[in-house]
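Asker: Contents of target-v7.txt (compact mmCIF, C-alpha atoms) are below:
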# COMPACT_ATOMS: atom_id res chain seq x y z
CA MET Q 1 -15.66 8.65 20.57
CA ALA Q 2 -12.97 6.45 22.04
CA VAL Q 3 -9.42 5.41 21.29
CA LEU Q 4 -9.45 1.63 20.91
CA GLU Q 5 -6.67 -0.81 21.73
CA ILE Q 6 -4.51 -1.75 18.74
CA LEU Q 7 -3.89 -5.50 18.57
CA LYS Q 8 -0.24 -6.40 18.17
CA HIS Q 9 1.32 -9.28 16.26
CA PRO Q 10 1.25 -12.24 17.06
CA ASP Q 11 -2.34 -11.80 18.31
CA VAL Q 12 -4.26 -14.56 16.51
CA ARG Q 13 -7.19 -12.21 15.92
CA LEU Q 14 -5.04 -10.45 13.32
CA GLN Q 15 -4.99 -13.67 11.32
CA GLN Q 16 -8.75 -13.97 10.94
CA VAL Q 17 -10.55 -13.33 7.65
CA ALA Q 18 -12.96 -10.42 8.07
CA GLU Q 19 -16.71 -10.74 7.62
CA PRO Q 20 -18.64 -8.48 5.23
CA VAL Q 21 -20.47 -5.48 6.68
CA GLU Q 22 -24.23 -5.83 6.18
CA ARG Q 23 -25.79 -3.12 8.35
CA PHE Q 24 -24.92 0.50 7.66
CA ASP Q 25 -26.45 1.82 10.86
CA ALA Q 26 -25.64 4.20 13.72
CA ALA Q 27 -23.59 1.54 15.51
CA LEU Q 28 -21.38 1.18 12.45
CA HIS Q 29 -20.96 4.94 12.22
CA ARG Q 30 -19.96 5.11 15.90
CA PHE Q 31 -17.38 2.40 15.29
CA ILE Q 32 -16.00 4.30 12.28
CA ASP Q 33 -15.59 7.38 14.49
CA ASP Q 34 -13.74 5.34 17.13
CA LEU Q 35 -11.52 3.71 14.51
CA GLU Q 36 -10.59 7.07 13.05
CA GLN Q 37 -9.84 8.50 16.48
CA THR Q 38 -7.64 5.47 17.15
CA ARG Q 39 -5.75 6.04 13.88
CA LEU Q 40 -5.20 9.71 14.69
CA ALA Q 41 -4.06 8.95 18.25
CA GLY Q 42 -1.14 6.85 16.98
CA PRO Q 43 2.18 7.67 15.33
CA GLY Q 44 0.99 9.07 12.01
CA ALA Q 45 -0.66 6.09 10.33
CA VAL Q 46 -2.15 6.73 6.89
CA GLY Q 47 -4.57 3.85 7.34
CA ILE Q 48 -6.16 1.48 9.80
CA ALA Q 49 -8.22 -1.67 9.40
CA ALA Q 50 -11.07 -2.78 11.66
CA PRO Q 51 -9.39 -6.10 12.55
CA GLN Q 52 -6.48 -4.13 14.06
CA VAL Q 53 -8.82 -3.19 16.91
CA GLY Q 54 -10.39 -6.64 17.13
CA GLU Q 55 -13.46 -5.87 15.01
CA VAL Q 56 -13.09 -8.50 12.29
CA ILE Q 57 -15.23 -6.84 9.65
CA GLN Q 58 -14.44 -5.63 6.14
CA LEU Q 59 -13.82 -1.98 6.91
CA VAL Q 60 -10.71 0.16 6.57
CA ILE Q 61 -9.87 3.84 6.71
CA VAL Q 62 -7.23 5.33 4.41
CA ASP Q 63 -6.15 8.95 4.26
CA ILE Q 64 -2.84 10.03 2.73
CA SER Q 65 -4.05 13.58 2.06
CA THR Q 66 -2.26 15.08 5.07
CA MET Q 67 1.19 13.68 4.33
CA LYS Q 68 4.13 16.09 4.34
CA LYS Q 69 5.04 15.08 0.81
CA PRO Q 70 1.87 15.18 -1.29
CA HIS Q 71 0.78 12.25 -3.45
CA PRO Q 72 -2.25 11.83 -5.70
CA ASN Q 73 -5.15 10.87 -3.46
CA HIS Q 74 -8.90 10.73 -2.96
CA GLY Q 75 -8.89 12.37 0.49
CA HIS Q 76 -10.25 10.71 3.59
CA LEU Q 77 -11.74 7.33 2.69
CA VAL Q 78 -13.85 4.90 4.67
CA LEU Q 79 -13.85 1.74 2.58
CA ILE Q 80 -16.40 -0.93 3.43
CA ASN Q 81 -16.52 -4.37 1.82
CA PRO Q 82 -13.67 -3.24 -0.46
CA GLU Q 83 -12.50 -5.22 -3.42
CA ILE Q 84 -9.61 -4.61 -5.79
CA ILE Q 85 -10.87 -5.39 -9.26
CA LYS Q 86 -7.82 -4.41 -11.33
CA TRP Q 87 -4.08 -4.37 -10.71
CA LYS Q 88 -1.31 -2.90 -12.86
CA GLY Q 89 2.45 -2.76 -12.44
CA HIS Q 90 4.40 -3.35 -9.29
CA GLU Q 91 6.98 -1.58 -7.16
CA VAL Q 92 8.90 -2.07 -3.95
CA GLY Q 93 8.20 0.24 -1.02
CA ARG Q 94 8.92 0.47 2.69
CA GLU Q 95 6.08 -0.29 5.08
CA GLY Q 96 5.44 -0.43 8.79
CA CYS Q 97 2.31 -1.27 10.75
CA LEU Q 98 0.59 -0.17 13.95
CA SER Q 99 0.24 -3.86 14.79
CA VAL Q 100 4.01 -4.50 14.33
CA PRO Q 101 5.76 -1.72 16.27
CA ASP Q 102 9.43 -0.85 15.69
CA PHE Q 103 9.89 -2.75 12.44
CA THR Q 104 9.74 -1.72 8.81
CA GLY Q 105 10.34 -3.75 5.68
CA ASN Q 106 10.13 -3.78 1.91
CA VAL Q 107 6.95 -5.00 0.25
CA ILE Q 108 6.00 -5.35 -3.42
CA ARG Q 109 2.61 -3.81 -4.25
CA ALA Q 110 0.70 -3.02 -7.41
CA GLN Q 111 1.41 0.49 -8.72
CA GLN Q 112 -2.14 1.08 -9.88
CA ILE Q 113 -5.42 -0.42 -8.76
CA VAL Q 114 -9.09 -0.05 -9.41
CA LEU Q 115 -10.97 -0.38 -6.15
CA GLN Q 116 -14.66 -0.90 -5.50
CA ALA Q 117 -16.04 -0.30 -2.01
CA GLN Q 118 -19.09 0.91 -0.14
CA ASN Q 119 -19.08 4.12 1.84
CA PRO Q 120 -20.61 4.49 5.35
CA GLN Q 121 -24.02 5.00 3.76
CA GLY Q 122 -23.70 1.71 1.87
CA GLU Q 123 -23.29 3.35 -1.55
CA VAL Q 124 -20.99 1.55 -3.95
CA GLN Q 125 -18.05 3.64 -5.16
CA ARG Q 126 -15.20 3.01 -7.52
CA PHE Q 127 -11.72 4.53 -7.35
CA GLU Q 128 -8.72 4.50 -9.63
CA MET Q 129 -5.66 4.75 -7.43
CA GLN Q 130 -1.91 4.84 -7.89
CA GLY Q 131 1.33 4.97 -5.98
CA PHE Q 132 1.30 5.61 -2.26
CA GLU Q 133 -2.50 5.63 -1.93
CA ALA Q 134 -2.77 2.34 -3.81
CA ARG Q 135 -0.07 0.92 -1.51
CA ALA Q 136 -1.91 2.09 1.60
CA VAL Q 137 -5.14 0.47 0.41
CA GLN Q 138 -3.37 -2.81 -0.39
CA HIS Q 139 -1.71 -2.78 3.05
CA GLU Q 140 -5.05 -2.25 4.80
CA LEU Q 141 -6.93 -4.78 2.68
CA ASP Q 142 -4.37 -7.41 3.65
CA HIS Q 143 -5.62 -7.04 7.24
CA LEU Q 144 -9.08 -8.10 6.04
CA GLU Q 145 -7.52 -11.33 4.75
CA GLY Q 146 -5.73 -11.95 8.04
CA MET Q 147 -2.37 -10.97 6.55
CA LEU Q 148 0.35 -8.58 7.69
CA PHE Q 149 3.05 -6.90 5.63
CA LEU Q 150 5.42 -9.36 7.31
CA ASP Q 151 3.84 -12.05 5.13
CA ARG Q 152 5.02 -10.20 2.00
CA LEU Q 153 8.52 -9.04 2.97
CA VAL Q 154 11.20 -8.97 0.34
CA SER Q 155 14.90 -8.41 0.98
CA ARG Q 156 16.10 -4.90 1.64
CA ARG Q 157 19.24 -5.81 -0.22
CA SER Q 158 17.84 -7.07 -3.48
CA ASP Q 159 16.33 -4.02 -5.16
CA LEU Q 160 19.44 -2.44 -6.64
CA PHE Q 161 18.16 -2.84 -10.17
CA ALA Q 162 14.46 -3.02 -9.40
CA ARG Q 163 13.66 0.50 -10.50
CA LYS Q 164 12.47 1.41 -13.93
CA VAL Q 165 15.26 1.77 -16.44
CA PHE Q 166 14.16 5.23 -17.54
CA GLN Q 167 14.21 6.44 -13.91
CA LYS Q 168 17.71 5.12 -13.38
CA LYS Q 169 19.02 6.76 -16.51
CA ALA Q 170 17.48 10.06 -15.53
CA LYS Q 171 19.03 9.91 -12.07
CA ASN Q 172 22.46 9.00 -13.37
CA ARG Q 173 22.61 12.19 -15.32
CA GLY Q 174 22.38 13.89 -11.86
CA MET Z 1 29.62 -7.86 32.54
CA SER Z 2 26.83 -5.68 31.15
CA GLU Z 3 23.50 -7.29 30.37
CA TRP Z 4 24.20 -7.36 26.63
CA THR Z 5 27.29 -8.21 24.66
CA MET Z 6 28.14 -8.26 20.96
CA LEU Z 7 29.64 -11.53 19.77
CA THR Z 8 31.60 -11.41 16.52
CA LEU Z 9 32.70 -14.59 14.73
CA VAL Z 10 34.58 -14.83 11.46
CA GLY Z 11 35.88 -17.84 9.58
CA ARG Z 12 36.00 -19.67 6.29
CA ASP Z 13 32.45 -20.34 5.09
CA GLN Z 14 31.27 -23.87 5.82
CA GLU Z 15 27.92 -25.56 6.15
CA GLY Z 16 26.52 -25.67 9.66
CA ILE Z 17 28.29 -22.72 11.30
CA VAL Z 18 25.09 -20.89 12.29
CA ALA Z 19 23.41 -24.03 13.63
CA ALA Z 20 26.47 -25.06 15.62
CA VAL Z 21 27.09 -21.63 17.15
CA THR Z 22 23.47 -20.92 18.03
CA ALA Z 23 23.06 -24.40 19.53
CA VAL Z 24 25.88 -23.65 21.96
CA LEU Z 25 24.42 -20.25 22.82
CA HIS Z 26 21.01 -21.82 23.37
CA LYS Z 27 22.52 -24.46 25.65
CA GLU Z 28 24.22 -21.70 27.65
CA GLY Z 29 20.89 -19.92 28.08
CA CYS Z 30 21.88 -16.92 25.96
CA GLN Z 31 19.13 -14.76 24.52
CA LEU Z 32 19.81 -13.47 21.02
CA GLY Z 33 19.05 -9.89 20.10
CA GLU Z 34 19.50 -8.41 16.66
CA THR Z 35 22.01 -10.24 14.51
CA SER Z 36 23.72 -9.97 11.16
CA MET Z 37 25.18 -13.04 9.50
CA MET Z 38 26.41 -13.28 5.95
CA ARG Z 39 28.93 -14.68 3.56
CA LEU Z 40 31.57 -12.16 2.52
CA GLY Z 41 33.69 -13.60 -0.24
CA GLY Z 42 34.60 -17.10 0.95
CA ASN Z 43 34.21 -16.13 4.58
CA PHE Z 44 31.27 -16.23 6.93
CA SER Z 45 30.79 -13.38 9.39
CA MET Z 46 28.40 -13.29 12.31
CA MET Z 47 27.55 -10.46 14.67
CA LEU Z 48 25.08 -11.33 17.41
CA MET Z 49 23.69 -9.35 20.30
CA LEU Z 50 23.67 -11.66 23.31
CA SER Z 51 22.15 -11.46 26.74
CA CYS Z 52 23.47 -14.26 28.90
CA GLY Z 53 25.42 -15.12 32.02
CA ALA Z 54 29.15 -14.77 32.52
CA GLU Z 55 31.32 -13.64 29.63
CA VAL Z 56 34.00 -16.23 30.42
CA ALA Z 57 31.47 -19.07 30.40
CA VAL Z 58 30.22 -18.09 26.93
CA LEU Z 59 33.71 -17.94 25.51
CA GLU Z 60 34.58 -21.30 27.05
CA ALA Z 61 31.37 -22.86 25.78
CA LEU Z 62 32.12 -21.62 22.26
CA SER Z 63 35.74 -22.74 22.23
CA GLU Z 64 34.98 -26.24 20.92
CA VAL Z 65 32.79 -25.07 18.03
CA ALA Z 66 35.25 -22.28 17.26
CA GLU Z 67 38.03 -24.85 16.97
CA GLN Z 68 35.89 -27.21 14.90
CA PHE Z 69 35.00 -24.50 12.33
CA GLU Z 70 38.22 -22.49 12.74
CA LEU Z 71 36.32 -19.41 13.80
CA ARG Z 72 37.88 -16.34 15.36
CA LEU Z 73 35.62 -14.78 17.93
CA HIS Z 74 35.38 -11.62 19.93
CA LEU Z 75 33.04 -10.38 22.66
CA ASP Z 76 32.30 -6.76 23.60
CA GLN Z 77 30.04 -5.28 26.23
CA ILE Z 78 27.38 -3.07 24.67
CA GLU Z 79 24.25 -1.09 25.41
CA ALA Z 80 21.38 -2.86 23.70
CA GLN Z 81 18.98 -0.05 22.71
CA LEU Z 82 16.43 -2.53 21.45
CA HIS Z 83 12.95 -1.43 20.34
CA ASP Z 84 14.37 1.87 19.20
CA HIS Z 85 14.94 1.51 15.46
CA ARG Z 86 15.70 4.61 13.46
CA GLN Z 87 13.93 4.70 10.13
CA ALA Z 88 16.01 5.31 7.05
CA ASN Z 89 14.73 8.12 4.84
CA VAL Z 90 17.25 7.85 2.02
CA ARG Z 91 18.84 5.09 -0.04
CA VAL Z 92 22.01 5.53 -2.06
CA THR Z 93 23.09 2.96 -4.61
CA VAL Z 94 26.42 3.19 -6.40
CA HIS Z 95 27.91 0.95 -9.02
CA GLY Z 96 30.89 1.14 -11.28
CA ALA Z 97 34.22 -0.36 -12.18
CA ASP Z 98 35.93 -1.50 -9.00
CA ARG Z 99 38.72 0.76 -7.82
CA ILE Z 100 40.40 1.70 -4.59
CA GLY Z 101 38.75 4.52 -2.66
CA LEU Z 102 35.22 4.40 -4.01
CA VAL Z 103 33.54 3.68 -0.65
CA ALA Z 104 35.66 6.34 1.06
CA GLU Z 105 34.75 8.93 -1.57
CA VAL Z 106 31.03 8.18 -1.46
CA THR Z 107 30.74 8.03 2.31
CA ALA Z 108 32.82 11.20 2.72
CA VAL Z 109 30.26 13.08 0.63
CA LEU Z 110 27.39 11.53 2.55
CA ALA Z 111 28.98 12.27 5.92
CA ALA Z 112 29.58 15.88 4.88
CA GLY Z 113 25.89 16.00 4.00
CA GLY Z 114 24.98 14.86 7.49
CA LEU Z 115 23.85 11.37 6.51
CA SER Z 116 23.93 8.83 9.31
CA VAL Z 117 24.46 5.35 7.86
CA LEU Z 118 22.05 2.73 9.22
CA ASP Z 119 22.88 -0.04 6.78
CA LEU Z 120 25.64 -0.43 4.23
CA CYS Z 121 26.47 -3.44 2.15
CA SER Z 122 28.73 -3.77 -0.81
CA ASP Z 123 29.55 -6.47 -3.29
CA VAL Z 124 32.28 -7.18 -5.76
CA ALA Z 125 30.63 -8.62 -8.85
CA GLY Z 126 31.68 -8.88 -12.49
CA SER Z 127 34.75 -10.96 -13.25
CA ALA Z 128 38.30 -11.07 -11.93
CA ASP Z 129 39.60 -9.09 -14.90
CA LYS Z 130 36.67 -6.63 -14.89
CA PRO Z 131 35.43 -6.37 -11.30
CA LEU Z 132 32.27 -4.38 -10.66
CA TYR Z 133 31.67 -2.67 -7.33
CA LEU Z 134 28.12 -2.35 -5.99
CA LEU Z 135 27.29 -0.30 -2.93
CA GLN Z 136 23.94 0.07 -1.19
CA ILE Z 137 23.52 2.48 1.69
CA GLU Z 138 20.47 3.37 3.73
CA GLY Z 139 20.54 6.16 6.24
CA VAL Z 140 18.93 9.13 7.92
CA CYS Z 141 19.62 12.54 6.47
CA GLU Z 142 18.07 15.97 6.80
CA LEU Z 143 19.36 17.02 3.38
CA SER Z 144 17.06 16.22 0.49
CA ALA Z 145 17.78 13.35 -1.88
CA GLU Z 146 18.27 15.97 -4.61
CA ALA Z 147 20.94 17.78 -2.56
CA LEU Z 148 22.81 14.53 -1.90
CA GLN Z 149 22.52 13.71 -5.59
CA LEU Z 150 24.15 17.00 -6.55
CA ALA Z 151 26.92 16.58 -3.96
CA LEU Z 152 27.73 13.08 -5.20
CA ARG Z 153 27.70 14.17 -8.84
CA ALA Z 154 30.15 16.95 -8.07
CA ALA Z 155 32.50 14.62 -6.18
CA LEU Z 156 32.46 11.39 -8.17
CA ASP Z 157 33.98 10.53 -11.52
CA GLU Z 158 31.62 10.46 -14.50
CA ASP Z 159 31.98 6.70 -14.90
CA VAL Z 160 30.53 6.03 -11.44
CA GLN Z 161 26.78 5.53 -11.65
CA PHE Z 162 24.60 6.20 -8.68
CA SER Z 163 21.10 7.01 -7.57
CA VAL Z 164 19.72 8.64 -4.47
CA ASP Z 165 16.15 7.82 -3.53
CA GLU Z 166 13.95 9.03 -0.77
CA ILE Z 167 12.54 6.20 1.35
CA GLU Z 168 8.99 6.99 2.31
CA THR Z 169 7.70 4.59 4.94
CA LEU Z 170 4.02 3.80 4.89
CA LEU Z 171 2.53 3.21 8.33
CA GLY Z 172 -0.80 1.44 8.25
Could you quickly redo this structure as C-alpha cells?

Answerer:
Amino acid sequence: MAVLEILKHPDVRLQQVAEPVERFDAALHRFIDDLEQTRLAGPGAVGIAAPQVGEVIQLVIVDISTMKKPHPNHGHLVLINPEIIKWKGHEVGREGCLSVPDFTGNVIRAQQIVLQAQNPQGEVQRFEMQGFEARAVQHELDHLEGMLFLDRLVSRRSDLFARKVFQKKAKNRG
Amino acid sequence: MSEWTMLTLVGRDQEGIVAAVTAVLHKEGCQLGETSMMRLGGNFSMMLMLSCGAEVAVLEALSEVAEQFELRLHLDQIEAQLHDHRQANVRVTVHGADRIGLVAEVTAVLAAGGLSVLDLCSDVAGSADKPLYLLQIEGVCELSAEALQLALRAALDEDVQFSVDEIETLLG
C-alpha cells in the first residue's frame, strides 16, 4: 500500500468528470487500498474521492463511523459508480476539503438521500442515508463531477433563520 | 516596516470605493492578504492585510483616493499568520429588542466560558421605533454548546432569544 499525493485546487484534474469503473479486478482493489491509506494519512478526513489523487474514476470512500460525535452511518463504504437516486430536505453545514487546505465554508446539502453504488466486488447496493453521512457522500460525489465545495458556498452570515422552526423554539427555552 | 500591515479605511458608503482603493494598491505593487469589507449603517469599512513596500509610499499613494471618497485611513504593522485558520466549533445567534449592553452581556458570558471569538457580526434591523438587534458569533470553545446555552440562559433576560449550535466541520 502507498500514500498517494493529494491534488490541490486549482489543479485542473480536479475539474474533470470521472469515468465509470468497469473492471473490478485486483488492480482496482490495490488502488482502493492506496486511496484508503491516503485518507487515513491525512488530517481526519471522513471521505476521499479517486479524482483527488489524480485517478479520474467513479470511486469514493466514505467512513464517518469513527467520528468523536457519533452519527447514523453505514460503516466503512467503498462506493463505485455511485448515483444518488432520491433527495429530501436540505440543510446548511460547514465543510472543508483535503484538496482545499486551510479553508472551510458553508454548503447546502440534502438531509436525506437514497444512494445506489457498486461495492469492490461489483455488486449493486442501495443505502438510505441522512445527516452527516449523506453530506459526506454528496461532498465526495461532487468530486466525480469535477466540482469542489467551493462551487457551492453560501454565506456564513446568512443562516440566522435557516434552522427548522421547531428546533429554534426548543433551543430558546434553554 | 514589517512585511505585513493592516490597512483600515472608513468613510461614507459610495459606489466605487473598493475598486478605487484596490486599484491604487495594485499600482503600488501591494499584495492583499485576508480582507473584510462591508457596509455598516451608511458607512463603508475596509480592513485589508497588505504586503508591500514602504509604509509612507502606500499612505501617499492612497491620499488622493482617500480625499476623493472622504475616507479616513490607518496603517498598522502586523504579523500575518496566514495559512493558519482556526476552525470554529460553536455558533451563537442572539436576537431581541435592541437595547444598550446586549453585546457586552452576551460576550461576557461567552468569555467566561472560555470562548474565543473568531467572527462576530451584528445588525440593527426592525424599524426606528422598534429596533431589533441581531448578533451572530462563531468561535472556538472547549465548553459544550449545552453548557454555553445554560450560561446564557442564566445571564440574559427572558425576552432575549438565542441559540447555541455546535459547528461540525466535514473534511472530505

Asker: At a cut-off of 7 Å, list the chain Z residues touching chain Q, using only C-alpha atoms, as JSON, numbers by chain.

Answerer: {"Z": [83, 84, 85, 93, 149, 150, 153, 161, 162, 163, 167, 168, 169, 170, 171, 172]}

Asker: Taking all atoms listed in the file into account, which of Q:Arg126, Q:Lys68, Q:His9, Q:Arg109 comes nearest Glu83 (chain Q)?

Answerer: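 Among the listed residues, the smallest separation from Glu83 (chain Q) belongs to Q:Arg126.
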
Asker: Near Asp98 (chain Z), counting all atoms listed in the file, which residues have an atom at most 12 Å away, once you skip same-chain residues fewer than 2 positions from it, shown as a VMD selection string?

Answerer: chain Z and resid 94 to 96 100 to 103 122 to 135 159 to 161

Asker: Report the centre and edge lengths, in Å to one decimal, of an axis-aligned box enclosing every atom of region 23-34 of chain Q listed in the file, padded by 4 Å on each side, as lines of an AutoDock Vina configuration file.

Answerer:
center_x = -20.1
center_y = 2.1
center_z = 12.4
size_x = 20.7
size_y = 18.5
size_z = 17.5

Asker: Taking into account only C-alpha atoms, which residue in the set Q:Ala134, Q:Lys86, Q:Ala26, Q:Gln112 is nearest to Asp63 (chain Q)?

Answerer: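 Distance minimum relative to Asp63 (chain Q) lands on Q:Ala134.
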
Asker: Considering only C-alpha atoms, return as a list of chain:residue names whatever protein or nucleic-acid residues lie within 8 Å of Cys30 (chain Z), sequence-local ones (same chain, fewer than 5 positions apart) excluded.

Answerer: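 That gives Z:Leu25, Z:Leu50, Z:Ser51, Z:Cys52, Z:Gly53.
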
Asker: Let's have the selection written as a PDB file, in the frame of the given file, with C-alpha atoms.

Answerer:
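Output file out.pdb follows:
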ATOM      1  CA  LEU Z  25      24.420 -20.250  22.820  1.00  0.00           C
ATOM      2  CA  LEU Z  50      23.670 -11.660  23.310  1.00  0.00           C
ATOM      3  CA  SER Z  51      22.150 -11.460  26.740  1.00  0.00           C
ATOM      4  CA  CYS Z  52      23.470 -14.260  28.900  1.00  0.00           C
ATOM      5  CA  GLY Z  53      25.420 -15.120  32.020  1.00  0.00           C
TER       6      GLY Z  53
END

Asker: Neighbours of Asp76 (chain Z) within 9 Å (only C-alpha atoms; same-chain residues fewer than 4 positions away dropped), as a list in words?

Answerer: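 In the requested format, the answer is Trp4, Thr5, Met6, Leu7 and Thr8 of chain Z.
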
Asker: To one decimal place in Å, what is the distance between CA of Ser144 (chain Z) and CA of Ala41 (chain Q)?

Answerer: 28.5 Å

Asker: One decimal, in Å: what's the spacing between CA of Pro82 (chain Q) and CA of Val154 (chain Q)?

Answerer: 25.5 Å

Asker: For a test of reading the model, state the distance in Å between CA of Met129 (chain Q) and CA of Val60 (chain Q), rounded to one decimal.

Answerer: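 Computed distance, CA of Met129 (chain Q) to CA of Val60 (chain Q), equals 15.6 Å.
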
Asker: Quick one: residues within 10 Å of Gly42 (chain Q), all atoms listed in the file counted, chain neighbours fewer than 4 positions away excluded, as a list in words?

Answerer: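 With the cut-off at 10 Å, the set is Val3, Ile6, Gln37, Thr38 and Leu98 of chain Q.
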
Asker: Would you pick out the contacts of Arg13 (chain Q) at 12 Å or less, using only C-alpha atoms, so that residues sharing its chain but fewer than 5 positions from it are not included, and give the list as an NGL selection string?

Answerer: :Q and (6-8 or 18 or 50-57 or 99 or 143-148)

Asker: From the coordinates I just gave you, please extract region 114-131 of chain Z so that only N, CA, C and O atoms remain, then output it as a CSV table (one decimal), in the first residue's frame.

Answerer:
chain,number,residue,atom,x,y,z
Z,114,GLY,N,-14.8,30.7,28.2
Z,114,GLY,CA,-13.6,30.3,27.5
Z,114,GLY,C,-13.7,30.4,26.0
Z,114,GLY,O,-12.9,29.8,25.3
Z,115,LEU,N,-14.8,31.0,25.5
Z,115,LEU,CA,-15.0,31.0,24.0
Z,115,LEU,C,-14.1,32.1,23.4
Z,115,LEU,O,-14.1,33.3,23.9
Z,116,SER,N,-13.3,31.7,22.4
Z,116,SER,CA,-12.5,32.7,21.7
Z,116,SER,C,-13.3,33.0,20.4
Z,116,SER,O,-13.6,32.2,19.6
Z,117,VAL,N,-13.6,34.3,20.3
Z,117,VAL,CA,-14.4,34.8,19.1
Z,117,VAL,C,-13.5,34.8,17.9
Z,117,VAL,O,-12.5,35.4,17.8
Z,118,LEU,N,-14.0,34.1,16.8
Z,118,LEU,CA,-13.3,34.2,15.5
Z,118,LEU,C,-14.0,35.1,14.6
Z,118,LEU,O,-13.4,35.7,13.7
Z,119,ASP,N,-15.3,35.3,14.7
Z,119,ASP,CA,-16.1,36.1,13.8
Z,119,ASP,C,-17.3,36.6,14.5
Z,119,ASP,O,-18.0,35.8,15.2
Z,120,LEU,N,-17.6,37.8,14.5
Z,120,LEU,CA,-18.8,38.4,15.1
Z,120,LEU,C,-19.3,39.5,14.2
Z,120,LEU,O,-18.6,40.3,13.7
Z,121,CYS,N,-20.6,39.4,13.9
Z,121,CYS,CA,-21.2,40.4,13.2
Z,121,CYS,C,-22.6,40.7,13.8
Z,121,CYS,O,-23.2,39.8,14.3
Z,122,SER,N,-23.0,41.9,13.8
Z,122,SER,CA,-24.3,42.3,14.3
Z,122,SER,C,-25.0,43.3,13.4
Z,122,SER,O,-24.4,44.0,12.7
Z,123,ASP,N,-26.3,43.3,13.5
Z,123,ASP,CA,-27.1,44.1,12.7
Z,123,ASP,C,-28.2,44.8,13.5
Z,123,ASP,O,-28.7,44.2,14.5
Z,124,VAL,N,-28.6,45.9,13.1
Z,124,VAL,CA,-29.8,46.6,13.7
Z,124,VAL,C,-30.8,46.5,12.7
Z,124,VAL,O,-30.7,47.2,11.6
Z,125,ALA,N,-31.9,45.8,12.9
Z,125,ALA,CA,-32.9,45.6,11.9
Z,125,ALA,C,-34.2,46.2,12.5
Z,125,ALA,O,-34.1,47.1,13.4
Z,126,GLY,N,-35.4,45.8,12.1
Z,126,GLY,CA,-36.6,46.3,12.6
Z,126,GLY,C,-36.8,47.7,12.1
Z,126,GLY,O,-36.4,48.1,11.0
Z,127,SER,N,-37.5,48.5,12.9
Z,127,SER,CA,-37.7,49.9,12.5
Z,127,SER,C,-37.2,50.9,13.5
Z,127,SER,O,-36.7,50.4,14.6
Z,128,ALA,N,-37.2,52.1,13.2
Z,128,ALA,CA,-36.6,53.1,14.1
Z,128,ALA,C,-37.3,53.1,15.4
Z,128,ALA,O,-36.6,53.3,16.5
Z,129,ASP,N,-38.6,52.9,15.4
Z,129,ASP,CA,-39.3,52.9,16.7
Z,129,ASP,C,-39.3,51.6,17.4
Z,129,ASP,O,-39.5,51.5,18.6
Z,130,LYS,N,-39.0,50.5,16.7
Z,130,LYS,CA,-38.9,49.2,17.3
Z,130,LYS,C,-37.7,48.5,16.7
Z,130,LYS,O,-37.8,47.5,16.0
Z,131,PRO,N,-36.5,48.9,17.1
Z,131,PRO,CA,-35.3,48.3,16.5
Z,131,PRO,C,-35.0,46.9,17.1
Z,131,PRO,O,-35.3,46.6,18.3
